[in-house]
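Peer 1: The file below is run28.tsv, TSV, C-alpha atoms and all ligand atoms:
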chain	number	residue	atom	x	y	z
A	1	MET	CA	-23.43	-1.31	18.71
A	2	LYS	CA	-22.86	1.86	20.72
A	3	LYS	CA	-19.13	2.47	20.68
A	4	ILE	CA	-16.50	1.66	18.04
A	5	ALA	CA	-12.81	2.48	17.56
A	6	VAL	CA	-10.64	3.10	14.51
A	7	LEU	CA	-6.87	2.73	14.09
A	8	THR	CA	-4.27	2.79	11.32
A	9	SER	CA	-1.56	0.13	11.33
A	10	GLY	CA	1.59	-0.81	9.39
A	11	GLY	CA	3.10	1.48	6.74
A	12	ASP	CA	1.03	4.62	6.29
A	13	ALA	CA	-0.68	5.29	2.96
A	14	PRO	CA	-2.20	8.40	1.37
A	15	GLY	CA	-5.98	8.15	1.69
A	16	MET	CA	-5.96	6.71	5.20
A	17	ASN	CA	-7.19	10.08	6.47
A	18	ALA	CA	-10.13	9.97	4.07
A	19	ALA	CA	-10.99	6.55	5.52
A	20	ILE	CA	-10.75	7.80	9.13
A	21	ARG	CA	-12.95	10.77	8.25
A	22	ALA	CA	-15.56	8.52	6.65
A	23	VAL	CA	-15.54	6.10	9.58
A	24	VAL	CA	-16.00	8.86	12.14
A	25	ARG	CA	-18.74	10.74	10.32
A	26	THR	CA	-20.65	7.64	9.17
A	27	ALA	CA	-20.58	6.17	12.69
A	28	ILE	CA	-21.73	9.41	14.31
A	29	ASP	CA	-24.51	9.68	11.73
A	30	ALA	CA	-25.60	6.17	12.76
A	31	GLY	CA	-25.70	7.22	16.43
A	32	MET	CA	-22.47	5.53	17.51
A	33	GLU	CA	-19.67	6.91	19.64
A	34	VAL	CA	-16.23	6.78	17.97
A	35	VAL	CA	-12.80	6.51	19.56
A	36	GLY	CA	-9.56	7.06	17.66
A	37	VAL	CA	-6.64	4.84	18.67
A	38	GLU	CA	-3.24	6.50	18.25
A	39	ASN	CA	-0.13	4.61	17.05
A	40	GLY	CA	-1.86	1.48	15.73
A	41	TYR	CA	-2.12	-1.60	17.93
A	42	ASP	CA	0.56	-0.13	20.24
A	43	GLY	CA	-2.08	2.44	21.14
A	44	VAL	CA	-4.59	-0.30	22.03
A	45	LEU	CA	-2.02	-1.88	24.36
A	46	ASN	CA	-1.17	1.51	25.92
A	47	LYS	CA	-4.78	2.74	25.93
A	48	GLU	CA	-4.05	5.74	23.71
A	49	PHE	CA	-7.73	6.37	23.06
A	50	ILE	CA	-9.07	9.74	21.98
A	51	PRO	CA	-12.72	10.71	21.45
A	52	MET	CA	-13.51	11.62	17.84
A	53	GLY	CA	-16.14	14.17	16.85
A	54	LEU	CA	-17.35	15.52	13.53
A	55	ARG	CA	-14.87	18.40	13.72
A	56	SER	CA	-11.86	16.26	14.72
A	57	VAL	CA	-11.72	14.98	11.14
A	58	SER	CA	-12.14	18.36	9.45
A	59	ASP	CA	-9.50	19.46	6.93
A	60	ILE	CA	-7.78	16.06	6.70
A	61	ILE	CA	-9.15	14.57	3.46
A	62	GLN	CA	-6.37	16.20	1.44
A	63	ARG	CA	-3.54	15.24	3.80
A	64	GLY	CA	-1.16	12.31	3.31
A	65	GLY	CA	-0.06	10.16	6.27
A	66	THR	CA	-2.51	9.37	9.05
A	67	ILE	CA	-3.69	11.76	11.77
A	68	LEU	CA	-3.89	8.78	14.15
A	69	ARG	CA	-0.26	7.86	13.38
A	70	SER	CA	0.74	4.26	12.71
A	71	ALA	CA	3.08	1.53	13.96
A	72	ARG	CA	4.12	-2.03	13.28
A	73	CYS	CA	3.29	-3.70	16.61
A	74	LYS	CA	5.35	-6.80	17.55
A	75	ALA	CA	3.31	-7.50	20.71
A	76	MET	CA	0.20	-8.19	18.59
A	77	MET	CA	2.00	-11.26	17.24
A	78	THR	CA	1.81	-12.84	20.71
A	79	ASP	CA	-1.18	-14.27	22.60
A	80	GLU	CA	-0.38	-12.09	25.64
A	81	GLY	CA	-0.49	-8.95	23.49
A	82	ARG	CA	-3.74	-9.98	21.82
A	83	ASP	CA	-5.38	-10.82	25.17
A	84	LEU	CA	-4.35	-7.45	26.61
A	85	ALA	CA	-5.60	-5.62	23.51
A	86	ALA	CA	-9.04	-7.27	23.75
A	87	LYS	CA	-9.18	-6.57	27.51
A	88	ASN	CA	-8.29	-2.88	27.05
A	89	LEU	CA	-10.93	-2.43	24.35
A	90	LYS	CA	-13.61	-4.11	26.47
A	91	GLU	CA	-12.69	-1.97	29.50
A	92	GLU	CA	-13.36	1.11	27.35
A	93	GLY	CA	-16.74	-0.29	26.28
A	94	ILE	CA	-15.50	-0.60	22.67
A	95	GLU	CA	-17.49	-3.33	20.89
A	96	GLY	CA	-16.22	-2.88	17.35
A	97	LEU	CA	-12.84	-1.97	15.81
A	98	ILE	CA	-11.99	-0.78	12.32
A	99	VAL	CA	-8.39	-1.55	11.34
A	100	ILE	CA	-6.98	0.35	8.37
A	101	GLY	CA	-3.79	-1.42	7.21
A	102	GLY	CA	-2.36	-4.42	5.38
A	103	ASP	CA	-2.44	-8.19	5.82
A	104	GLY	CA	-0.40	-8.25	9.06
A	105	SER	CA	-2.84	-5.75	10.58
A	106	PHE	CA	-5.78	-7.91	9.42
A	107	ARG	CA	-4.32	-10.95	11.20
A	108	GLY	CA	-4.32	-8.93	14.43
A	109	ALA	CA	-7.97	-8.00	13.77
A	110	GLU	CA	-8.86	-11.65	13.28
A	111	GLU	CA	-7.30	-12.52	16.63
A	112	LEU	CA	-9.34	-9.78	18.33
A	113	CYS	CA	-12.52	-11.18	16.72
A	114	LYS	CA	-11.75	-14.50	18.40
A	115	ARG	CA	-11.58	-12.58	21.68
A	116	GLY	CA	-15.01	-11.02	21.31
A	117	ILE	CA	-14.32	-7.72	19.52
A	118	LEU	CA	-16.08	-7.30	16.16
A	119	CYS	CA	-13.41	-6.16	13.71
A	120	ILE	CA	-13.47	-4.91	10.14
A	121	GLY	CA	-10.30	-4.51	8.03
A	122	VAL	CA	-9.92	-1.69	5.50
A	123	PRO	CA	-7.02	-2.18	3.01
A	124	GLY	CA	-4.55	0.67	3.42
A	125	THR	CA	-1.08	0.12	1.94
A	126	ILE	CA	0.77	1.57	-1.03
A	127	ASP	CA	1.91	-1.95	-2.02
A	128	ASN	CA	-1.41	-3.16	-3.55
A	129	ASP	CA	-0.46	-6.61	-2.29
A	130	LEU	CA	-3.90	-7.82	-1.15
A	131	ALA	CA	-5.32	-10.07	-3.85
A	132	TYR	CA	-8.94	-10.05	-2.61
A	133	THR	CA	-9.25	-6.38	-3.62
A	134	ASP	CA	-8.35	-4.83	-6.96
A	135	TYR	CA	-6.83	-1.77	-5.26
A	136	THR	CA	-5.61	-0.79	-1.82
A	137	ILE	CA	-5.83	2.75	-0.44
A	138	GLY	CA	-2.60	4.62	-1.24
A	139	PHE	CA	-1.46	2.63	-4.26
A	140	ASP	CA	-2.77	5.12	-6.83
A	141	THR	CA	-1.13	8.09	-5.09
A	142	ALA	CA	2.18	6.24	-4.71
A	143	CYS	CA	2.12	5.39	-8.45
A	144	ASN	CA	1.49	9.01	-9.37
A	145	THR	CA	4.32	10.16	-7.10
A	146	VAL	CA	6.69	7.65	-8.71
A	147	LEU	CA	5.51	8.72	-12.15
A	148	ASP	CA	6.31	12.34	-11.39
A	149	SER	CA	9.86	11.29	-10.41
A	150	ILE	CA	10.26	9.13	-13.53
A	151	ASN	CA	9.21	12.08	-15.70
A	152	ARG	CA	11.86	14.25	-14.10
A	153	ILE	CA	14.55	11.57	-14.30
A	154	ARG	CA	13.65	10.95	-17.95
A	155	ASP	CA	14.29	14.63	-18.76
A	156	THR	CA	17.83	14.56	-17.44
A	157	MET	CA	18.60	11.06	-18.78
A	158	GLY	CA	17.52	12.27	-22.23
A	159	SER	CA	19.80	15.30	-22.05
A	160	HIS	CA	22.84	13.14	-21.24
A	161	ASN	CA	22.11	9.97	-23.25
A	162	ARG	CA	21.98	7.95	-20.03
A	163	VAL	CA	19.98	5.07	-18.61
A	164	SER	CA	18.45	5.35	-15.14
A	165	VAL	CA	17.66	2.51	-12.75
A	166	VAL	CA	14.75	3.75	-10.63
A	167	GLU	CA	14.20	1.65	-7.50
A	168	VAL	CA	10.66	1.76	-6.13
A	169	MET	CA	8.97	0.15	-3.11
A	170	GLY	CA	7.56	-3.38	-3.15
A	171	ARG	CA	9.38	-6.18	-1.36
A	172	HIS	CA	7.11	-9.02	-2.45
A	173	CYS	CA	4.68	-7.26	-4.75
A	174	GLY	CA	5.86	-5.56	-7.93
A	175	ASP	CA	2.65	-3.64	-8.67
A	176	ILE	CA	4.14	-0.17	-8.10
A	177	ALA	CA	6.99	-1.03	-10.50
A	178	LEU	CA	4.67	-2.66	-13.04
A	179	TYR	CA	2.06	0.11	-13.17
A	180	THR	CA	4.58	2.97	-13.15
A	181	GLY	CA	6.74	1.12	-15.64
A	182	ILE	CA	3.74	1.12	-17.95
A	183	GLY	CA	2.80	4.74	-17.25
A	184	GLY	CA	6.40	5.97	-17.31
A	185	GLY	CA	7.27	4.14	-20.54
A	186	ALA	CA	10.06	2.11	-18.95
A	187	GLU	CA	12.41	0.15	-21.19
A	188	VAL	CA	12.65	-2.65	-18.60
A	189	ILE	CA	10.51	-3.52	-15.56
A	190	MET	CA	11.99	-5.75	-12.86
A	191	ILE	CA	9.58	-7.26	-10.31
A	192	PRO	CA	9.96	-9.98	-7.66
A	193	GLU	CA	7.16	-12.13	-9.13
A	194	ILE	CA	8.99	-12.54	-12.46
A	195	PRO	CA	12.66	-12.84	-11.52
A	196	MET	CA	15.24	-11.53	-14.00
A	197	THR	CA	18.93	-12.28	-13.51
A	198	LEU	CA	21.55	-9.63	-14.26
A	199	ASP	CA	22.64	-11.71	-17.26
A	200	GLU	CA	19.06	-11.72	-18.58
A	201	LEU	CA	18.91	-7.97	-18.05
A	202	LEU	CA	22.14	-7.69	-20.00
A	203	VAL	CA	20.50	-9.38	-23.00
A	204	HIS	CA	17.69	-6.77	-22.87
A	205	MET	CA	20.19	-3.94	-22.61
A	206	LYS	CA	22.25	-5.21	-25.55
A	207	ASP	CA	19.03	-5.18	-27.64
A	208	TYR	CA	18.32	-1.73	-26.29
A	209	GLU	CA	21.79	-0.51	-27.34
A	210	LYS	CA	21.08	-1.79	-30.87
A	211	SER	CA	17.60	-0.24	-31.02
A	212	GLY	CA	18.78	3.31	-31.59
A	213	LYS	CA	17.39	4.61	-28.30
A	214	ARG	CA	19.68	7.04	-26.60
A	215	SER	CA	18.28	7.11	-23.06
A	216	GLY	CA	16.11	4.87	-21.00
A	217	ILE	CA	14.46	3.93	-17.73
A	218	ILE	CA	14.64	0.64	-15.84
A	219	VAL	CA	12.01	0.46	-13.08
A	220	LEU	CA	13.17	-1.93	-10.38
A	221	ALA	CA	10.98	-3.09	-7.46
A	222	GLU	CA	13.02	-3.25	-4.25
A	223	GLY	CA	12.22	-6.97	-3.94
A	224	ALA	CA	13.79	-7.64	-7.36
A	225	GLY	CA	17.24	-6.17	-6.70
A	226	LYS	CA	19.24	-3.16	-5.59
A	227	ALA	CA	19.56	-0.14	-7.89
A	228	ASP	CA	23.24	0.49	-7.11
A	229	GLU	CA	24.14	-3.14	-7.93
A	230	VAL	CA	22.29	-2.98	-11.25
A	231	GLU	CA	23.96	0.38	-11.97
A	232	LYS	CA	27.46	-1.02	-11.31
A	233	PHE	CA	26.80	-4.17	-13.32
A	234	LEU	CA	25.52	-2.35	-16.41
A	235	ASN	CA	28.28	0.25	-16.29
A	236	ALA	CA	30.82	-2.59	-16.20
A	237	HIS	CA	29.25	-4.81	-18.88
A	238	THR	CA	27.76	-2.40	-21.44
A	239	GLY	CA	28.80	0.77	-23.18
A	240	LEU	CA	25.90	2.57	-21.49
A	241	GLU	CA	26.19	5.32	-18.94
A	242	VAL	CA	23.92	4.24	-16.09
A	243	ARG	CA	22.73	6.09	-12.96
A	244	ALA	CA	20.69	4.82	-10.02
A	245	SER	CA	17.90	6.59	-8.11
A	246	VAL	CA	16.23	5.08	-5.03
A	247	LEU	CA	12.92	6.86	-4.46
A	248	GLY	CA	12.34	5.56	-0.91
A	249	HIS	CA	9.75	7.02	1.45
A	250	ILE	CA	8.85	9.88	-0.89
A	251	GLN	CA	6.45	7.25	-2.31
A	252	ARG	CA	4.47	6.98	0.91
A	253	GLY	CA	3.73	10.69	1.43
A	254	GLY	CA	1.82	13.42	-0.33
A	255	SER	CA	-1.74	14.50	-0.89
A	256	PRO	CA	-3.92	11.53	-1.95
A	257	THR	CA	-5.28	11.34	-5.49
A	258	ASN	CA	-9.03	11.58	-5.97
A	259	PHE	CA	-9.19	7.80	-6.42
A	260	ASP	CA	-7.56	7.16	-3.04
A	261	ARG	CA	-9.91	9.66	-1.38
A	262	TYR	CA	-12.85	7.91	-3.07
A	263	LEU	CA	-11.60	4.49	-1.98
A	264	GLY	CA	-10.89	5.64	1.59
A	265	THR	CA	-14.32	7.22	1.87
A	266	THR	CA	-16.38	4.37	0.40
A	267	LEU	CA	-14.48	1.60	2.21
A	268	GLY	CA	-14.57	3.49	5.52
A	269	ALA	CA	-18.35	3.96	5.21
A	270	LYS	CA	-18.83	0.28	4.29
A	271	ALA	CA	-16.84	-0.83	7.34
A	272	VAL	CA	-19.15	1.17	9.62
A	273	ASP	CA	-22.25	-0.23	7.88
A	274	LEU	CA	-21.10	-3.76	8.66
A	275	LEU	CA	-20.44	-3.01	12.34
A	276	LYS	CA	-23.76	-1.16	12.61
A	277	ASN	CA	-25.45	-4.40	11.55
A	278	GLY	CA	-23.51	-6.42	14.11
A	279	ILE	CA	-21.23	-7.98	11.47
A	280	GLY	CA	-17.51	-8.45	12.21
A	281	ASN	CA	-14.55	-10.57	11.11
A	282	ARG	CA	-14.74	-9.10	7.58
A	283	ILE	CA	-12.45	-7.13	5.30
A	284	VAL	CA	-13.73	-4.67	2.73
A	285	GLY	CA	-12.39	-3.99	-0.75
A	286	ILE	CA	-13.19	-3.08	-4.35
A	287	LYS	CA	-13.73	-5.76	-6.98
A	288	ASP	CA	-14.72	-4.92	-10.57
A	289	GLY	CA	-15.78	-1.46	-9.41
A	290	GLN	CA	-18.06	-2.78	-6.65
A	291	ILE	CA	-17.45	-2.33	-2.90
A	292	VAL	CA	-17.32	-5.85	-1.44
A	293	ASP	CA	-16.67	-7.55	1.90
A	294	MET	CA	-15.43	-10.99	2.82
A	295	ASP	CA	-14.27	-13.13	5.72
A	296	ILE	CA	-10.83	-11.97	6.97
A	297	ILE	CA	-8.99	-15.30	6.67
A	298	GLU	CA	-10.69	-16.10	3.36
A	299	GLY	CA	-9.70	-12.67	2.02
A	300	ILE	CA	-6.06	-12.71	3.07
A	301	SER	CA	-5.69	-16.27	1.78
A	302	VAL	CA	-6.60	-15.32	-1.80
A	303	PRO	CA	-3.36	-16.09	-3.69
A	304	ARG	CA	-1.66	-13.17	-5.39
A	305	THR	CA	-1.13	-13.51	-9.12
A	306	VAL	CA	0.92	-11.09	-11.13
A	307	ASN	CA	-0.71	-9.48	-14.14
A	308	THR	CA	1.47	-11.22	-16.73
A	309	LYS	CA	-0.57	-9.75	-19.59
A	310	LEU	CA	0.34	-6.25	-18.42
A	311	TYR	CA	3.99	-7.30	-18.13
A	312	GLU	CA	3.96	-8.62	-21.71
A	313	ILE	CA	2.30	-5.45	-23.02
A	314	ALA	CA	4.98	-3.38	-21.25
A	315	LYS	CA	7.71	-5.36	-23.03
A	316	VAL	CA	6.15	-4.85	-26.46
A	317	VAL	CA	5.49	-1.13	-26.10
A	318	ALA	CA	9.03	-0.54	-24.77
A	319	LYS	CA	10.60	-1.55	-28.12
A	401	LIG	O1	4.35	-1.84	3.13
A	401	LIG	C1	4.62	-0.57	2.72
A	401	LIG	C2	6.08	-0.33	2.53
A	401	LIG	O2	6.20	1.00	2.09
A	401	LIG	C3	6.82	-1.29	1.59
A	401	LIG	O3	6.64	-1.05	0.22
A	401	LIG	C4	8.24	-1.09	2.02
A	401	LIG	O4	9.03	-2.20	1.67
A	401	LIG	C5	8.11	-0.93	3.50
A	401	LIG	O5	6.79	-0.46	3.73
A	401	LIG	C6	9.09	0.03	4.12
A	401	LIG	O6	8.90	-0.02	5.49
A	401	LIG	P1	9.47	1.03	6.51
A	401	LIG	O7	8.67	2.27	6.42
A	401	LIG	O8	9.33	0.36	7.84
A	401	LIG	O9	10.90	1.29	6.13
Kindly present the structure from the file in structure tokens form.
Ligand code: F6P

Peer 2:
Amino acid sequence: MKKIAVLTSGGDAPGMNAAIRAVVRTAIDAGMEVVGVENGYDGVLNKEFIPMGLRSVSDIIQRGGTILRSARCKAMMTDEGRDLAAKNLKEEGIEGLIVIGGDGSFRGAEELCKRGILCIGVPGTIDNDLAYTDYTIGFDTACNTVLDSINRIRDTMGSHNRVSVVEVMGRHCGDIALYTGIGGGAEVIMIPEIPMTLDELLVHMKDYEKSGKRSGIIVLAEGAGKADEVEKFLNAHTGLEVRASVLGHIQRGGSPTNFDRYLGTTLGAKAVDLLKNGIGNRIVGIKDGQIVDMDIIEGISVPRTVNTKLYEIAKVVAK
């Protein structure tokens, strides 16, 4: 393989730059030419290709976001879009493509494999919603960013004897809420995988009122409800003073933690190794501390299971 490309797709995640850096430098070390594609799959369709050299990835390991920029590309959901993408890559002499993104991005990569481009997927999303890998690039940083906010919110809640509902990202996957609920000592964690009605929440909050605690934190994943609705409901049905905070896109930015830089670097290097050996149609990840790879469809079909043990521990230690 002489020439490969790399792109970032879907929601950006801290650590994507570390992955791009590793891809570029590992590929050059192996004697390959590397092209960066700007704006995700949109950039493949519009031929936004830029040559990447050793120095074009200098000074980026510590930066959040992605230097290649990212997009959610609707055209890659269609056969016309996928055909054009494969044609554009072939016209540039690009034989292999590394896609850093989530499951939607991996489906696009799988379609390009069918059209003769060897693709490797690298998991980059703050959601941690890919079950074939223990962690995705960006999740650890997002959790630490949320934790920093929870710490600050806890200070002011404590001063005023209030309860805060902190809404974090995660439409279908509650991992950010679960892990930061544990780390932030939340009184209640609400996640989409284990639905909790407002009436069930009320039971918890009545217990909480009796427990002698004077302030508290409810961490709510966006897929499990809306912070302002929970705030209104609890203010109306309890004697508590409740405030809502929606953390939003603050969770996606910021300098990556060392773990996300490590993950970006090792997974990026592994992706290049596979292409170097003529292997495509794979996704890379980390399982029990080991860097692994598997077939794309097999990997994205692994069913997600919520860590119920962690959820139970969180309930006990919140008492
Ligand atoms: O997939 C990453 C993610 O940050 C989700 O947690 C969130 O629901 C979504 O992206 C937000 O998307 P957008 O940036 O398009 O508003």

Peer 1: With all atoms listed in the file as the basis for distance, which of A:Gly253, A:Gly181, A:Gly43, A:Gly268 is at the shortest distance from ligand LIG 401 (chain A)?

Peer 2: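 With all atoms listed in the file as the atom set, the closest residue is A:Gly253.
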
Peer 1: Of the candidates A:Thr8, A:Thr78, A:Gln251, A:Gln290, which one gets nearest to Thr266 in chain A if we count all atoms listed in the file?

Peer 2: A:Gln290

Peer 1: Contacts of Ile28 in chain A at 12 Å or less, counting all atoms listed in the file, minus same-chain residues fewer than 2 places along, as an MDAnalysis selection string?

Peer 2: chainID A and resid 1:5 21:26 30:35 51:55 57 269 272:273 276

Peer 1: Output C-alpha atoms of each residue in that selection to a file, as a PDB file, in the coordinates of the input.

Peer 2:
ATOM      1  CA  MET A   1     -23.430  -1.310  18.710  1.00  0.00           C
ATOM      2  CA  LYS A   2     -22.860   1.860  20.720  1.00  0.00           C
ATOM      3  CA  LYS A   3     -19.130   2.470  20.680  1.00  0.00           C
ATOM      4  CA  ILE A   4     -16.500   1.660  18.040  1.00  0.00           C
ATOM      5  CA  ALA A   5     -12.810   2.480  17.560  1.00  0.00           C
ATOM      6  CA  ARG A  21     -12.950  10.770   8.250  1.00  0.00           C
ATOM      7  CA  ALA A  22     -15.560   8.520   6.650  1.00  0.00           C
ATOM      8  CA  VAL A  23     -15.540   6.100   9.580  1.00  0.00           C
ATOM      9  CA  VAL A  24     -16.000   8.860  12.140  1.00  0.00           C
ATOM     10  CA  ARG A  25     -18.740  10.740  10.320  1.00  0.00           C
ATOM     11  CA  THR A  26     -20.650   7.640   9.170  1.00  0.00           C
ATOM     12  CA  ALA A  30     -25.600   6.170  12.760  1.00  0.00           C
ATOM     13  CA  GLY A  31     -25.700   7.220  16.430  1.00  0.00           C
ATOM     14  CA  MET A  32     -22.470   5.530  17.510  1.00  0.00           C
ATOM     15  CA  GLU A  33     -19.670   6.910  19.640  1.00  0.00           C
ATOM     16  CA  VAL A  34     -16.230   6.780  17.970  1.00  0.00           C
ATOM     17  CA  VAL A  35     -12.800   6.510  19.560  1.00  0.00           C
ATOM     18  CA  PRO A  51     -12.720  10.710  21.450  1.00  0.00           C
ATOM     19  CA  MET A  52     -13.510  11.620  17.840  1.00  0.00           C
ATOM     20  CA  GLY A  53     -16.140  14.170  16.850  1.00  0.00           C
ATOM     21  CA  LEU A  54     -17.350  15.520  13.530  1.00  0.00           C
ATOM     22  CA  ARG A  55     -14.870  18.400  13.720  1.00  0.00           C
ATOM     23  CA  VAL A  57     -11.720  14.980  11.140  1.00  0.00           C
ATOM     24  CA  ALA A 269     -18.350   3.960   5.210  1.00  0.00           C
ATOM     25  CA  VAL A 272     -19.150   1.170   9.620  1.00  0.00           C
ATOM     26  CA  ASP A 273     -22.250  -0.230   7.880  1.00  0.00           C
ATOM     27  CA  LYS A 276     -23.760  -1.160  12.610  1.00  0.00           C
TER      28      LYS A 276
END

Peer 1: Output the neighbourhood of ligand LIG 401 (chain A) as a PyMOL selection string, that is, all protein and nucleic acid residues with some atom at most 6 Å from the ligand, counting all atoms listed in the file.

Peer 2: chain A and resi 11+125-127+169-171

Peer 1: Quick one: of A:Ala131, A:Leu89, A:Ala236, A:Ala221, who's nearest to Cys113 in chain A, counting all atoms listed in the file?

Peer 2: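 Checking each candidate against Cys113 in chain A, we get A:Leu89 as the closest.
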
Peer 1: Have a look at A:Gly93, A:Lys287, A:Lys74, A:Gly254 and name the one nearest to Gln62 in chain A; count all atoms listed in the file.

Peer 2: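 Looking only at the distances to Gln62 in chain A, the closest residue turns out to be A:Gly254.
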
Peer 1: Taking (-3.0, -8.0, 15.4) in the file's coordinates, which residues come within 9 Å, counting only C-alpha atoms, written as number ranges by chain?

Peer 2: A: 41, 73-78, 81-82, 85, 104-112

Peer 1: At a cut-off of 8 Å, using all atoms listed in the file, what residues contact Pro256 in chain A? Leave out same-chain residues fewer than 4 positions from it and give the result as a PyMOL selection string.

Peer 2: chain A and resi 14-15+62-64+138+141+260-261

Peer 1: For the interface of range 144-220 of chain A with range 295-304 of chain A (cut-off 12 Å, counting only C-alpha atoms), please tabulate each contacting residue of range 144-220 of chain A alongside its nearest pair of atoms and their separation in Å to one decimal, rows sorted by chain and increasing number, as a Markdown table.

Peer 2:
| residue | atom | partner | partner_atom | distance |
| --- | --- | --- | --- | --- |
| A:His172 | CA | A:Arg304 | CA | 10.1 |
| A:Cys173 | CA | A:Arg304 | CA | 8.7 |
| A:Gly174 | CA | A:Arg304 | CA | 11.0 |
| A:Asp175 | CA | A:Arg304 | CA | 11.0 |
| A:Glu193 | CA | A:Arg304 | CA | 9.6 |

Peer 1: Got a sec to check which residues sit within 12 Å of (2.6, 2.1, -21.5), counting all atoms listed in the file, and write them as a list in words?

Peer 2: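 I get Leu147, Leu178, Tyr179, Thr180, Gly181, Ile182, Gly183, Gly184, Gly185, Ala186, Glu187, Val188, Ile189, Leu310, Tyr311, Glu312, Ile313, Ala314, Lys315, Val316, Val317, Ala318 and Lys319 of chain A for the residues within 12 Å of that point.
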
Peer 1: Quick one: residues within 10 Å of range 229-235 of chain A, all atoms listed in the file counted, chain neighbours fewer than 3 positions away excluded, as a ChimeraX atom specification?

Peer 2: /A:163-166,198-199,201-202,205,218,220,225-226,238-245

Peer 1: Quick one, how far is CA of His249 in chain A from CA of Ile176 in chain A?

Peer 2: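 Atom-to-atom, CA of His249 in chain A and CA of Ile176 in chain A are spaced 13.2 Å apart.
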
Peer 1: Kindly indicate which residue among A:Asp140, A:Glu200, A:Asp288, A:Asp293 lies nearest to Ala13 in chain A, using all atoms listed in the file for the distances.

Peer 2: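 Of A:Asp140, A:Glu200, A:Asp288, A:Asp293, the one nearest Ala13 in chain A, counting all atoms listed in the file, is A:Asp140.
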
Peer 1: Neighbouring residues of Glu92 in chain A were defined as those with any atom within 9 Å, considering all atoms listed in the file; residues of the same chain fewer than 2 positions away were excluded. Please report them as a list of chain:residue names.

Peer 2: A:Lys3, A:Lys47, A:Phe49, A:Lys87, A:Asn88, A:Leu89, A:Lys90, A:Ile94, A:Glu95

Peer 1: Any idea what the distance is between CA of Leu68 in chain A and CA of Gly102 in chain A?

Peer 2: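 CA of Gly102 in chain A lies 15.9 Å from CA of Leu68 in chain A.
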
Peer 1: Between CA of Leu247 in chain A and CA of Asp155 in chain A, what is the spacing in Å?

Peer 2: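 The value is 16.3 Å.
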
Peer 1: A:Asp79, A:Ile191, A:Thr156, A:Leu84: which is nearest Asn46 in chain A, counting all atoms listed in the file?

Peer 2: A:Leu84

Peer 1: Using all atoms listed in the file, which residues sit within 9 Å of Glu48 in chain A once same-chain residues fewer than 4 positions away are excluded, as a PyMOL selection string?

Peer 2: chain A and resi 36-39+42-44

Peer 1: Write out, as a compact mmCIF listing (two decimals), in the coordinates of the input, the residues just selected, with C-alpha atoms.

Peer 2:
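Done, and the output landed in part-v2.txt:
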# COMPACT_ATOMS: atom_id res chain seq x y z
CA GLY A 36 -9.56 7.06 17.66
CA VAL A 37 -6.64 4.84 18.67
CA GLU A 38 -3.24 6.50 18.25
CA ASN A 39 -0.13 4.61 17.05
CA ASP A 42 0.56 -0.13 20.24
CA GLY A 43 -2.08 2.44 21.14
CA VAL A 44 -4.59 -0.30 22.03
